file upload04.csv (CSV, C-alpha atoms)
chain,number,residue,atom,x,y,z
L,1,MET,CA,20.0,-30.8,-4.0
L,2,ALA,CA,18.5,-32.8,-6.9
L,3,ALA,CA,15.3,-31.6,-8.5
L,4,PRO,CA,12.4,-33.1,-6.5
L,5,ASN,CA,10.2,-35.7,-8.0
L,6,PHE,CA,7.4,-33.5,-9.2
L,7,ALA,CA,4.8,-34.8,-11.7
L,8,VAL,CA,5.3,-33.9,-15.3
L,9,ILE,CA,2.0,-33.1,-16.9
L,10,THR,CA,1.7,-32.7,-20.7
L,11,VAL,CA,-1.2,-31.1,-22.5
L,12,ASP,CA,-1.6,-32.0,-26.2
L,13,SER,CA,-2.9,-28.6,-27.6
L,14,GLN,CA,-3.9,-30.3,-30.8
L,15,LYS,CA,-6.4,-32.4,-28.9
L,16,CYS,CA,-7.3,-29.8,-26.2
L,17,GLN,CA,-8.7,-27.0,-28.4
L,18,THR,CA,-11.3,-25.3,-26.2
L,19,PRO,CA,-10.2,-25.6,-22.5
L,20,PHE,CA,-12.1,-22.5,-21.4
L,21,ASP,CA,-15.4,-23.9,-22.7
L,22,CYS,CA,-14.8,-27.5,-21.5
L,23,LYS,CA,-13.2,-26.7,-18.2
L,24,ARG,CA,-13.7,-30.3,-16.8
L,25,CYS,CA,-10.1,-30.7,-15.6
L,26,LEU,CA,-10.0,-27.1,-14.3
L,27,GLU,CA,-13.0,-27.6,-12.2
L,28,GLY,CA,-12.3,-31.2,-11.3
L,29,CYS,CA,-8.7,-31.1,-10.1
L,30,PRO,CA,-8.6,-31.5,-6.3
L,31,GLN,CA,-5.3,-29.7,-6.1
L,32,SER,CA,-6.2,-27.0,-8.7
L,33,VAL,CA,-3.0,-27.5,-10.6
L,34,PHE,CA,-4.4,-26.2,-14.0
L,35,ALA,CA,-4.9,-22.7,-15.3
L,36,VAL,CA,-6.3,-21.3,-18.5
L,37,ARG,CA,-4.6,-18.5,-20.5
L,38,ALA,CA,-5.9,-16.5,-23.5
L,39,VAL,CA,-3.8,-17.1,-26.6
L,40,LYS,CA,-5.6,-15.1,-29.2
L,41,VAL,CA,-6.2,-11.5,-28.1
L,42,GLU,CA,-7.3,-8.9,-30.7
L,43,ARG,CA,-7.3,-5.2,-29.7
L,44,GLY,CA,-7.2,-6.1,-26.0
L,45,ARG,CA,-10.2,-8.4,-26.3
L,46,GLU,CA,-10.1,-12.1,-26.1
L,47,THR,CA,-12.1,-14.0,-28.8
L,48,ASP,CA,-14.9,-16.5,-28.4
L,49,PRO,CA,-14.1,-19.2,-25.8
L,50,LYS,CA,-15.9,-21.7,-28.0
L,51,GLU,CA,-13.6,-21.0,-31.0
L,52,PRO,CA,-10.8,-23.6,-31.2
L,53,GLY,CA,-7.3,-22.4,-30.3
L,54,THR,CA,-8.3,-19.2,-28.5
L,55,TYR,CA,-7.4,-20.5,-25.1
L,56,MET,CA,-4.5,-22.7,-23.8
L,57,LEU,CA,-4.5,-25.0,-20.8
L,58,VAL,CA,-1.3,-24.6,-18.7
L,59,VAL,CA,-0.1,-26.4,-15.6
L,60,PRO,CA,1.4,-23.8,-13.2
L,61,TYR,CA,1.1,-25.9,-10.0
L,62,ARG,CA,2.3,-29.3,-11.2
L,63,ASP,CA,4.4,-29.6,-7.9
L,64,LYS,CA,1.0,-30.0,-6.1
L,65,CYS,CA,-0.1,-32.9,-8.3
L,66,THR,CA,-0.6,-36.1,-6.4
L,67,GLY,CA,-1.1,-38.4,-9.4
L,68,CYS,CA,-4.7,-39.2,-8.7
L,69,ASN,CA,-5.3,-39.3,-12.4
L,70,LEU,CA,-8.8,-37.8,-12.0
L,71,CYS,CA,-8.1,-35.3,-14.8
L,72,LEU,CA,-7.2,-38.2,-17.2
L,73,GLU,CA,-10.7,-39.7,-16.6
L,74,LEU,CA,-12.4,-36.3,-16.9
L,75,CYS,CA,-10.7,-35.3,-20.2
L,76,PRO,CA,-13.1,-36.0,-23.1
L,77,VAL,CA,-10.3,-35.8,-25.7
L,78,ASP,CA,-7.4,-37.7,-23.9
L,79,ALA,CA,-5.1,-34.7,-24.2
L,80,LEU,CA,-3.4,-35.1,-20.8
L,81,THR,CA,-0.5,-37.3,-19.7
L,82,ILE,CA,0.9,-37.5,-16.1
L,83,THR,CA,4.3,-39.0,-15.4
L,84,PHE,CA,6.6,-39.0,-12.4
L,85,PRO,CA,10.1,-39.3,-13.9
L,86,GLY,CA,11.8,-39.5,-10.5
L,87,ILE,CA,9.6,-42.2,-9.1
L,88,GLN,CA,10.3,-45.8,-10.0
L,89,GLY,CA,7.4,-47.9,-11.2
L,90,SER,CA,5.1,-45.0,-12.0
V,1,MET,CA,1.6,-2.0,13.4
V,2,CYS,CA,2.7,-4.0,10.4
V,3,TRP,CA,5.6,-2.8,8.2
V,4,VAL,CA,3.1,-1.4,5.6
V,5,CYS,CA,1.7,0.9,8.3
V,6,ASP,CA,5.3,2.0,9.3
V,7,ALA,CA,5.9,2.9,5.6
V,8,TYR,CA,2.6,4.3,4.5
V,9,GLY,CA,0.4,5.0,7.6
V,10,ASP,CA,-0.4,8.3,9.1
V,11,PRO,CA,-0.9,8.5,12.9
V,12,ASN,CA,-3.6,11.1,12.5
V,13,TYR,CA,-5.9,8.7,10.6
V,14,GLY,CA,-7.3,5.3,11.5
V,15,ASP,CA,-4.8,4.6,14.3
V,16,GLY,CA,-2.0,4.8,11.8
V,17,LYS,CA,-3.3,1.9,9.6
V,18,TRP,CA,-2.1,2.4,6.1
V,19,TYR,CA,-5.4,1.5,4.4
V,20,LEU,CA,-7.2,4.0,6.6
V,21,ASN,CA,-4.8,6.8,5.5
V,22,PRO,CA,-6.8,8.9,3.0
V,23,LYS,CA,-3.6,9.6,1.1
V,24,ASN,CA,-3.5,6.0,-0.1
V,25,HIS,CA,-6.9,6.4,-1.7
V,26,SER,CA,-6.3,9.8,-3.3
V,27,ARG,CA,-6.4,10.6,-6.9
V,28,GLN,CA,-2.9,11.9,-6.9
V,29,MET,CA,-1.6,8.4,-6.0
V,30,TYR,CA,-3.2,6.9,-9.2
V,31,THR,CA,-0.8,7.3,-12.1
V,32,ILE,CA,-1.0,5.9,-15.5
V,33,LYS,CA,1.5,6.2,-18.2
V,34,LYS,CA,0.8,9.2,-20.5
V,35,PRO,CA,2.1,9.2,-24.1
V,36,GLY,CA,5.6,10.5,-24.3
V,37,GLN,CA,6.1,10.4,-20.5
V,38,LYS,CA,8.0,7.9,-18.4
V,39,PRO,CA,5.9,5.6,-16.3
V,40,ALA,CA,6.0,5.9,-12.5
V,41,GLU,CA,8.7,4.0,-10.7
V,42,TYR,CA,6.6,0.9,-10.3
V,43,GLY,CA,5.7,0.8,-14.0
V,44,SER,CA,2.7,1.7,-16.1
V,45,ASP,CA,1.0,-1.6,-15.3
V,46,PRO,CA,1.9,-2.5,-11.7
V,47,GLU,CA,-0.4,-5.6,-11.6
V,48,ALA,CA,1.3,-7.2,-14.6
V,49,THR,CA,4.8,-6.2,-13.3
V,50,ALA,CA,4.0,-7.9,-9.9
V,51,GLY,CA,2.6,-10.9,-11.8
V,52,ARG,CA,5.8,-11.3,-13.8
V,53,SER,CA,8.0,-10.9,-10.7
V,54,VAL,CA,6.1,-13.6,-8.8
V,55,GLY,CA,6.2,-15.8,-12.0
V,56,GLU,CA,9.9,-15.5,-12.3
V,57,ILE,CA,10.4,-16.7,-8.7
V,58,MET,CA,7.8,-19.4,-8.9
V,59,LYS,CA,9.5,-20.9,-12.0
V,60,THR,CA,12.7,-21.7,-10.1
V,61,ARG,CA,11.0,-24.1,-7.7
V,62,TYR,CA,11.0,-26.9,-10.4
V,63,GLU,CA,14.7,-26.6,-11.2
V,64,ASP,CA,16.3,-25.5,-8.0
V,65,PRO,CA,14.2,-25.7,-4.8
V,66,GLU,CA,17.0,-24.2,-2.6
V,67,LYS,CA,17.3,-21.2,-4.9
V,68,PHE,CA,13.5,-20.8,-4.8
V,69,GLN,CA,13.6,-20.8,-1.0
V,70,GLN,CA,16.3,-18.2,-1.1
V,71,LEU,CA,14.5,-15.9,-3.6
V,72,VAL,CA,11.3,-16.1,-1.5
V,73,LYS,CA,13.2,-15.1,1.6
V,74,GLU,CA,14.9,-12.2,-0.2
V,75,ALA,CA,11.6,-11.0,-1.7
V,76,ASN,CA,9.9,-11.1,1.7
V,77,ALA,CA,12.7,-9.1,3.3
V,78,MET,CA,12.4,-6.4,0.7
V,79,LYS,CA,9.2,-5.1,2.2
V,80,GLU,CA,8.2,-1.7,0.8
V,81,LYS,CA,10.8,-2.1,-1.9
V,82,SER,CA,9.2,-5.4,-3.0
V,83,PRO,CA,8.2,-5.6,-6.7
V,84,PHE,CA,5.0,-7.4,-5.6
V,85,GLN,CA,1.6,-6.0,-5.0
V,86,ILE,CA,0.9,-5.5,-1.3
V,87,GLY,CA,-2.1,-7.4,0.0
V,88,GLN,CA,-3.5,-7.6,3.5
V,89,VAL,CA,-6.3,-9.5,5.0
V,90,ILE,CA,-8.9,-7.2,6.7
V,91,PRO,CA,-12.0,-8.1,8.7
V,92,ILE,CA,-15.4,-7.0,7.3
V,93,GLN,CA,-15.7,-4.1,9.8
V,94,GLU,CA,-12.5,-2.5,8.3
V,95,ALA,CA,-13.6,-3.3,4.8
V,96,PHE,CA,-16.7,-1.1,5.6
V,97,GLU,CA,-14.4,1.7,6.6
V,98,VAL,CA,-12.4,1.4,3.4
V,99,VAL,CA,-15.5,1.6,1.1
V,100,ASP,CA,-16.6,4.6,3.1
V,101,MET,CA,-13.3,6.3,2.4
V,102,SER,CA,-12.7,5.3,-1.2
V,103,TYR,CA,-14.5,6.6,-4.4
V,104,PRO,CA,-15.8,5.1,-6.6
V,105,VAL,CA,-16.5,1.6,-5.3
V,106,THR,CA,-17.2,-1.0,-8.0
V,107,SER,CA,-17.7,-4.8,-8.3
V,108,MET,CA,-16.1,-6.7,-11.1
V,109,SER,CA,-15.2,-10.3,-12.1
V,110,CYS,CA,-12.4,-12.1,-10.3
V,111,ILE,CA,-9.3,-12.7,-12.4
V,112,CYS,CA,-7.9,-15.4,-10.2
V,113,ARG,CA,-10.9,-17.7,-10.4
V,114,LEU,CA,-11.2,-17.0,-14.1
V,115,HIS,CA,-7.7,-18.4,-14.6
V,116,SER,CA,-7.6,-21.2,-12.0
V,117,ARG,CA,-11.1,-22.6,-12.3
V,118,ALA,CA,-12.3,-21.1,-15.6
V,119,HIS,CA,-15.0,-19.6,-13.4
V,120,GLU,CA,-16.8,-16.8,-15.3
V,121,GLU,CA,-18.6,-14.1,-13.5
V,122,LYS,CA,-20.8,-12.5,-16.2
V,123,ASN,CA,-22.9,-9.8,-14.5
V,124,GLU,CA,-23.2,-7.8,-11.3
V,125,HIS,CA,-25.0,-10.6,-9.5
V,126,GLU,CA,-22.0,-12.8,-10.0
V,127,TYR,CA,-19.1,-10.4,-9.6
V,128,SER,CA,-17.0,-11.2,-6.6
V,129,CYS,CA,-14.1,-8.7,-6.7
V,130,THR,CA,-14.1,-5.0,-5.6
V,131,GLY,CA,-12.4,-2.3,-7.5
V,132,LEU,CA,-11.7,1.0,-5.7
V,133,GLY,CA,-10.6,4.4,-6.8
V,134,VAL,CA,-10.5,6.5,-9.9
V,135,GLY,CA,-8.9,3.8,-12.0
V,136,MET,CA,-12.3,2.2,-12.2
V,137,PHE,CA,-13.5,5.1,-14.5
V,138,LYS,CA,-11.0,3.9,-17.0
V,139,TRP,CA,-11.8,0.2,-17.1
V,140,GLU,CA,-12.3,0.3,-20.9
V,141,ARG,CA,-8.6,0.6,-21.2
V,142,TRP,CA,-8.2,-3.0,-20.1
V,143,PRO,CA,-11.2,-4.7,-21.5
V,144,GLU,CA,-9.8,-8.2,-20.8
V,145,ARG,CA,-9.0,-7.4,-17.2
V,146,TYR,CA,-12.5,-6.1,-16.6
V,147,LYS,CA,-14.4,-8.5,-18.8
V,148,GLY,CA,-18.0,-7.3,-19.1
V,149,GLY,CA,-17.3,-4.0,-17.4
V,150,VAL,CA,-17.6,-2.9,-13.8
V,151,ASN,CA,-20.7,-2.2,-11.6
V,152,PHE,CA,-20.6,1.1,-9.7
V,153,MET,CA,-21.9,0.9,-6.2
V,154,ALA,CA,-23.0,3.3,-3.5
V,155,PRO,CA,-21.2,2.7,-0.1
V,156,ASP,CA,-24.3,1.1,1.5
V,157,GLU,CA,-24.8,-1.1,-1.5
V,158,ALA,CA,-21.1,-2.1,-1.4
V,159,LYS,CA,-21.5,-3.0,2.3
V,160,GLU,CA,-24.5,-5.3,1.6
V,161,TRP,CA,-22.5,-6.8,-1.2
V,162,LEU,CA,-19.5,-7.5,1.1
V,163,VAL,CA,-21.8,-9.1,3.6
V,164,LYS,CA,-23.1,-11.4,0.9
V,165,TRP,CA,-19.6,-12.6,0.1
V,166,ASN,CA,-18.7,-12.8,3.8
V,167,LYS,CA,-21.7,-15.1,4.4
V,168,LYS,CA,-20.5,-17.3,1.6
V,169,GLY,CA,-17.2,-17.6,3.3
V,170,MET,CA,-14.8,-15.4,1.3
V,171,VAL,CA,-11.8,-13.7,2.9
V,172,HIS,CA,-11.5,-9.9,2.3
V,173,ILE,CA,-8.0,-9.0,1.1
V,174,LEU,CA,-6.9,-5.4,0.3
V,175,MET,CA,-4.9,-5.0,-2.9
V,176,THR,CA,-2.6,-2.2,-3.9
V,177,PHE,CA,-1.9,-1.2,-7.5
V,178,GLY,CA,1.4,0.5,-7.6
V,179,GLY,CA,3.1,1.7,-4.4
V,180,SER,CA,0.6,2.0,-1.6
V,181,TYR,CA,-2.4,3.0,-3.7
V,182,VAL,CA,-5.4,1.0,-2.4
V,183,GLY,CA,-7.1,-0.3,-5.6
V,184,GLY,CA,-9.3,-3.1,-4.5
V,185,ILE,CA,-10.7,-5.6,-2.0
V,186,CYS,CA,-10.6,-9.1,-3.2
V,187,ASN,CA,-13.0,-11.7,-1.9
V,188,CYS,CA,-10.8,-14.8,-1.8
V,189,ASP,CA,-10.7,-18.5,-0.9
V,190,TYR,CA,-8.1,-21.3,-1.2
V,191,PRO,CA,-6.8,-22.5,-3.6
V,192,ASP,CA,-8.4,-20.4,-6.4
V,193,CYS,CA,-7.0,-17.2,-5.1
V,194,GLY,CA,-3.4,-16.6,-6.2
V,195,MET,CA,-2.4,-14.5,-3.2
V,196,ILE,CA,-3.6,-16.9,-0.6
V,197,ARG,CA,-2.1,-19.8,-2.5
V,198,HIS,CA,1.3,-18.1,-2.8
V,199,ARG,CA,1.3,-17.4,0.9
V,200,VAL,CA,0.0,-20.6,2.3
V,201,ASP,CA,1.7,-23.0,-0.1
V,202,TYR,CA,4.9,-21.1,-1.0
V,203,GLY,CA,5.5,-18.6,1.8
V,204,ILE,CA,5.4,-15.4,-0.3
V,205,THR,CA,4.1,-13.0,2.3
V,206,THR,CA,3.8,-9.6,0.6
V,207,GLY,CA,0.6,-10.4,-1.3
V,208,CYS,CA,-1.3,-11.7,1.7
V,209,LEU,CA,-0.2,-10.2,5.0
V,210,LYS,CA,-2.1,-11.1,8.1
V,211,SER,CA,-4.6,-8.5,9.5
V,212,HIS,CA,-4.2,-6.3,12.5
V,213,TRP,CA,-6.6,-8.6,14.4
V,214,VAL,CA,-6.5,-12.2,15.6
V,215,ALA,CA,-9.4,-14.5,16.6
V,216,GLN,CA,-9.8,-15.6,20.1
V,217,MET,CA,-12.1,-18.3,21.4
V,218,ASP,CA,-14.1,-18.0,24.7
V,219,TYR,CA,-14.1,-21.7,25.8
V,220,ASP,CA,-17.0,-21.1,28.2
V,221,LEU,CA,-19.3,-20.1,25.3
V,222,CYS,CA,-18.1,-22.6,22.7
V,223,ASN,CA,-20.2,-25.7,22.4
V,224,GLY,CA,-18.1,-27.4,19.8
V,225,CYS,CA,-20.7,-27.1,17.0
V,226,GLY,CA,-17.8,-26.8,14.4
V,227,ILE,CA,-19.4,-24.2,12.2
V,228,CYS,CA,-16.2,-22.0,12.4
V,229,VAL,CA,-14.0,-24.9,11.2
V,230,GLN,CA,-15.6,-24.8,7.8
V,231,ARG,CA,-15.1,-21.1,7.5
V,232,CYS,CA,-11.3,-21.0,7.9
V,233,GLN,CA,-9.4,-20.8,4.6
V,234,PHE,CA,-6.0,-20.9,6.4
V,235,GLY,CA,-6.3,-24.2,8.3
V,236,ALA,CA,-6.0,-22.4,11.7
V,237,ILE,CA,-9.1,-23.9,13.3
V,238,LYS,CA,-9.4,-27.6,14.3
V,239,PHE,CA,-12.0,-29.5,16.3
V,240,GLU,CA,-10.2,-30.5,19.5
V,241,VAL,CA,-11.6,-33.9,20.4
V,242,THR,CA,-10.4,-34.1,24.0
V,243,MET,CA,-12.0,-30.8,24.9
V,244,GLU,CA,-15.0,-31.3,22.7
V,245,LYS,CA,-14.5,-27.7,21.6
V,246,THR,CA,-13.0,-25.8,18.7
V,247,ASN,CA,-9.4,-24.8,18.9
V,248,ILE,CA,-8.0,-21.7,17.1
V,249,ASP,CA,-4.2,-21.7,16.4
V,250,GLN,CA,-3.5,-18.0,16.7
V,251,MET,CA,-0.1,-18.4,15.1
V,252,LYS,CA,-1.8,-19.6,12.0
V,253,CYS,CA,-4.8,-17.2,12.3
V,254,PHE,CA,-4.9,-14.4,9.6
V,255,GLY,CA,-7.5,-12.4,11.5
V,256,CYS,CA,-10.1,-12.3,8.7
V,257,GLY,CA,-13.0,-12.6,11.1
V,258,LEU,CA,-14.9,-15.2,9.1
V,259,CYS,CA,-15.2,-17.5,12.1
V,260,GLU,CA,-16.4,-14.5,14.3
V,261,THR,CA,-19.2,-13.6,11.9
V,262,ALA,CA,-20.4,-17.2,11.7
V,263,CYS,CA,-20.3,-18.3,15.4
V,264,PRO,CA,-23.9,-18.7,16.6
V,265,ARG,CA,-22.9,-18.3,20.2
V,266,LYS,CA,-20.7,-15.3,19.8
V,267,ALA,CA,-17.8,-17.3,21.4
V,268,ILE,CA,-15.2,-15.9,19.0
V,269,SER,CA,-14.0,-12.3,19.1
V,270,LEU,CA,-11.4,-10.4,17.2
V,271,ILE,CA,-8.6,-8.9,19.4
V,272,ASP,CA,-5.9,-6.5,18.5
V,273,ARG,CA,-2.8,-8.3,17.3
V,274,MET,CA,-0.6,-5.7,19.0
V,275,SER,CA,-2.0,-6.7,22.4
V,276,MET,CA,-0.4,-10.1,22.1
V,277,PRO,CA,3.4,-10.0,22.6
V,278,GLY,CA,3.9,-13.3,20.8
V,279,LEU,CA,2.0,-12.2,17.7
V,280,ARG,CA,3.3,-8.6,17.2
V,281,GLU,CA,5.9,-9.7,14.7
V,282,VAL,CA,3.7,-12.3,13.1
V,283,TRP,CA,2.4,-10.8,9.9
call {"tool": "encode", "arguments": {"input": "upload04.csv", "output": "structure tokens"}}
result
Amino acid sequence: MAAPNFAVITVDSQKCQTPFDCKRCLEGCPQSVFAVRAVKVERGRETDPKEPGTYMLVVPYRDKCTGCNLCLELCPVDALTITFPGIQGS
Amino acid sequence: MCWVCDAYGDPNYGDGKWYLNPKNHSRQMYTIKKPGQKPAEYGSDPEATAGRSVGEIMKTRYEDPEKFQQLVKEANAMKEKSPFQIGQVIPIQEAFEVVDMSYPVTSMSCICRLHSRAHEEKNEHEYSCTGLGVGMFKWERWPERYKGGVNFMAPDEAKEWLVKWNKKGMVHILMTFGGSYVGGICNCDYPDCGMIRHRVDYGITTGCLKSHWVAQMDYDLCNGCGICVQRCQFGAIKFEVTMEKTNIDQMKCFGCGLCETACPRKAISLIDRMSMPGLREVW
């Protein structure tokens, strides 16, 4: 069976620097496809969420993405793209 | 009885239910890795091990959906040998029995909501997860897991606190941390909670087994107000337009009892799953 036509969501980590502090896409996604992970952990403790680069936005549930593009509207730094490679005309 | 009870229950305690077996709350069950010693069979960090195992399976769904289905099927069939944490929904009455049995009882921040919605719970008024057992005395060892620490509670305080989250509409789910050691009661909803999501969306059963109860509607008492419909996190309750009453799909029902506690006319009751021949094997 061929791979299903799931959405491919990219996050530009150069633009998206403080996802834990911003959290607009995390809170706004109707399908809750996003998650936030700590990148910088020192001695078991995470650092300040407001400090750029300490957290990373990941997309563990992109198979649930409907392509509503709400996150693209919510993102203040235009860090997200959504494509459906298997669907023509998307 | 569910397969967890068959493996870890004791007929002398709590009708053989595994989470009412004092052994599964005992200090001896809680093992952490000591320097120079080998960790227990389920590893020194069972939660992380389970997370990685689920993660490995979840990854395959993008490349090879058939293989994913196969892996989920195999993992579900492994039962007590499963590398996953065991989780089981319990109604609030049984959660009360568990907090009476376990010591200490603490509240702490929810790790699922932290990851999925960047939802921070900063103090004891916001904490939504329950930690049980001696592991809680050592929360400083994992400062990131227990961000901001834990709040120790007396049993009565813990019950009030469980009622608070029950009123808000959270499902109580027992969690094990290594083998059958009962380490927590999560207060969960869909889709923020990883366990409910993996069960409802992907069919991974071990982390969120159904409870030993099932909700039953008394149609003579139901007036179709629909309050229970909003409470169900599992999509088991619908408003049946023809009958002008609420309909509970007992095949889908997880027996959490949230609809029962909310019904203003006491039309919903929890009945023993084992009393229903068609539901005995539905976990």
call {"tool": "atom_distance", "arguments": {"input": "upload04.csv", "atom1": "CA of Cys232 (chain V)", "atom2": "CA of Leu258 (chain V)"}}
result
6.9 Å
call {"tool": "closest_residue", "arguments": {"input": "upload04.csv", "among": "V:Tyr13, V:Trp18, V:Tyr8, V:Tyr62", "to": "chain L", "atoms": "all atoms listed in the file"}}
result
V:Tyr62
call {"tool": "closest_atom_pairs", "arguments": {"input": "upload04.csv", "of": "chain L", "to": "chain V", "cutoff": "12 Å", "atoms": "all atoms listed in the file", "output": "JSON lines"}}
result
{"residue": "L:Met1", "atom": "CA", "partner": "V:Glu66", "partner_atom": "CA", "distance": 7.4}
{"residue": "L:Ala2", "atom": "CA", "partner": "V:Asp64", "partner_atom": "CA", "distance": 7.7}
{"residue": "L:Ala3", "atom": "CA", "partner": "V:Glu63", "partner_atom": "CA", "distance": 5.7}
{"residue": "L:Pro4", "atom": "CA", "partner": "V:Tyr62", "partner_atom": "CA", "distance": 7.5}
{"residue": "L:Asn5", "atom": "CA", "partner": "V:Tyr62", "partner_atom": "CA", "distance": 9.2}
{"residue": "L:Phe6", "atom": "CA", "partner": "V:Tyr62", "partner_atom": "CA", "distance": 7.6}
{"residue": "L:Ala7", "atom": "CA", "partner": "V:Tyr62", "partner_atom": "CA", "distance": 10.1}
{"residue": "L:Val8", "atom": "CA", "partner": "V:Tyr62", "partner_atom": "CA", "distance": 10.3}
{"residue": "L:Thr18", "atom": "CA", "partner": "V:Ala118", "partner_atom": "CA", "distance": 11.4}
{"residue": "L:Pro19", "atom": "CA", "partner": "V:Ala118", "partner_atom": "CA", "distance": 8.5}
{"residue": "L:Phe20", "atom": "CA", "partner": "V:Ala118", "partner_atom": "CA", "distance": 6.0}
{"residue": "L:Asp21", "atom": "CA", "partner": "V:Ala118", "partner_atom": "CA", "distance": 8.2}
{"residue": "L:Cys22", "atom": "CA", "partner": "V:Ala118", "partner_atom": "CA", "distance": 9.1}
{"residue": "L:Lys23", "atom": "CA", "partner": "V:Ala118", "partner_atom": "CA", "distance": 6.2}
{"residue": "L:Arg24", "atom": "CA", "partner": "V:Arg117", "partner_atom": "CA", "distance": 9.3}
{"residue": "L:Cys25", "atom": "CA", "partner": "V:Arg117", "partner_atom": "CA", "distance": 8.8}
{"residue": "L:Leu26", "atom": "CA", "partner": "V:Arg117", "partner_atom": "CA", "distance": 5.0}
{"residue": "L:Glu27", "atom": "CA", "partner": "V:Arg117", "partner_atom": "CA", "distance": 5.3}
{"residue": "L:Gly28", "atom": "CA", "partner": "V:Arg117", "partner_atom": "CA", "distance": 8.7}
{"residue": "L:Cys29", "atom": "CA", "partner": "V:Arg117", "partner_atom": "CA", "distance": 9.1}
{"residue": "L:Pro30", "atom": "CA", "partner": "V:Pro191", "partner_atom": "CA", "distance": 9.6}
{"residue": "L:Gln31", "atom": "CA", "partner": "V:Pro191", "partner_atom": "CA", "distance": 7.8}
{"residue": "L:Ser32", "atom": "CA", "partner": "V:Ser116", "partner_atom": "CA", "distance": 6.8}
{"residue": "L:Val33", "atom": "CA", "partner": "V:Ser116", "partner_atom": "CA", "distance": 7.9}
{"residue": "L:Phe34", "atom": "CA", "partner": "V:Ser116", "partner_atom": "CA", "distance": 6.3}
{"residue": "L:Ala35", "atom": "CA", "partner": "V:Ser116", "partner_atom": "CA", "distance": 4.5}
{"residue": "L:Val36", "atom": "CA", "partner": "V:His115", "partner_atom": "CA", "distance": 5.1}
{"residue": "L:Arg37", "atom": "CA", "partner": "V:His115", "partner_atom": "CA", "distance": 6.7}
{"residue": "L:Ala38", "atom": "CA", "partner": "V:His115", "partner_atom": "CA", "distance": 9.3}
{"residue": "L:Lys40", "atom": "CA", "partner": "V:Glu144", "partner_atom": "CA", "distance": 11.7}
{"residue": "L:Val41", "atom": "CA", "partner": "V:Glu144", "partner_atom": "CA", "distance": 8.8}
{"residue": "L:Glu42", "atom": "CA", "partner": "V:Glu144", "partner_atom": "CA", "distance": 10.2}
{"residue": "L:Arg43", "atom": "CA", "partner": "V:Pro143", "partner_atom": "CA", "distance": 9.1}
{"residue": "L:Gly44", "atom": "CA", "partner": "V:Pro143", "partner_atom": "CA", "distance": 6.2}
{"residue": "L:Arg45", "atom": "CA", "partner": "V:Glu144", "partner_atom": "CA", "distance": 5.5}
{"residue": "L:Glu46", "atom": "CA", "partner": "V:Glu144", "partner_atom": "CA", "distance": 6.6}
{"residue": "L:Thr47", "atom": "CA", "partner": "V:Glu144", "partner_atom": "CA", "distance": 10.1}
{"residue": "L:Pro49", "atom": "CA", "partner": "V:Ala118", "partner_atom": "CA", "distance": 10.5}
{"residue": "L:Tyr55", "atom": "CA", "partner": "V:Ala118", "partner_atom": "CA", "distance": 10.7}
{"residue": "L:Met56", "atom": "CA", "partner": "V:His115", "partner_atom": "CA", "distance": 10.6}
{"residue": "L:Leu57", "atom": "CA", "partner": "V:His115", "partner_atom": "CA", "distance": 9.6}
{"residue": "L:Val58", "atom": "CA", "partner": "V:Ser116", "partner_atom": "CA", "distance": 9.8}
{"residue": "L:Val59", "atom": "CA", "partner": "V:Ser116", "partner_atom": "CA", "distance": 9.8}
{"residue": "L:Pro60", "atom": "CA", "partner": "V:Lys59", "partner_atom": "CA", "distance": 8.7}
{"residue": "L:Tyr61", "atom": "CA", "partner": "V:Met58", "partner_atom": "CA", "distance": 9.4}
{"residue": "L:Arg62", "atom": "CA", "partner": "V:Tyr62", "partner_atom": "CA", "distance": 9.1}
{"residue": "L:Asp63", "atom": "CA", "partner": "V:Tyr62", "partner_atom": "CA", "distance": 7.6}
{"residue": "L:Lys64", "atom": "CA", "partner": "V:Asp201", "partner_atom": "CA", "distance": 9.2}
call {"tool": "atom_distance", "arguments": {"input": "upload04.csv", "atom1": "CA of Glu260 (chain V)", "atom2": "CA of Phe152 (chain V)"}}
result
28.9 Å
call {"tool": "atom_distance", "arguments": {"input": "upload04.csv", "atom1": "CA of Gly51 (chain V)", "atom2": "CA of Trp139 (chain V)"}}
result
18.9 Å
call {"tool": "residues_around", "arguments": {"input": "upload04.csv", "residues": "Cys259 (chain V)", "least_positions_apart": "6", "cutoff": "10 Å", "atoms": "only C-alpha atoms", "output": "PDB file with C-alpha atoms, keeping the file's coordinate frame"}}
result
ATOM      1  CA  GLY V 169     -17.200 -17.600   3.300  1.00  0.00           C
ATOM      2  CA  ALA V 215      -9.400 -14.500  16.600  1.00  0.00           C
ATOM      3  CA  GLN V 216      -9.800 -15.600  20.100  1.00  0.00           C
ATOM      4  CA  MET V 217     -12.100 -18.300  21.400  1.00  0.00           C
ATOM      5  CA  GLY V 226     -17.800 -26.800  14.400  1.00  0.00           C
ATOM      6  CA  ILE V 227     -19.400 -24.200  12.200  1.00  0.00           C
ATOM      7  CA  CYS V 228     -16.200 -22.000  12.400  1.00  0.00           C
ATOM      8  CA  VAL V 229     -14.000 -24.900  11.200  1.00  0.00           C
ATOM      9  CA  GLN V 230     -15.600 -24.800   7.800  1.00  0.00           C
ATOM     10  CA  ARG V 231     -15.100 -21.100   7.500  1.00  0.00           C
ATOM     11  CA  CYS V 232     -11.300 -21.000   7.900  1.00  0.00           C
ATOM     12  CA  ILE V 237      -9.100 -23.900  13.300  1.00  0.00           C
ATOM     13  CA  ILE V 248      -8.000 -21.700  17.100  1.00  0.00           C
ATOM     14  CA  LYS V 266     -20.700 -15.300  19.800  1.00  0.00           C
ATOM     15  CA  ALA V 267     -17.800 -17.300  21.400  1.00  0.00           C
ATOM     16  CA  ILE V 268     -15.200 -15.900  19.000  1.00  0.00           C
ATOM     17  CA  SER V 269     -14.000 -12.300  19.100  1.00  0.00           C
ATOM     18  CA  LEU V 270     -11.400 -10.400  17.200  1.00  0.00           C
TER      19      LEU V 270
END
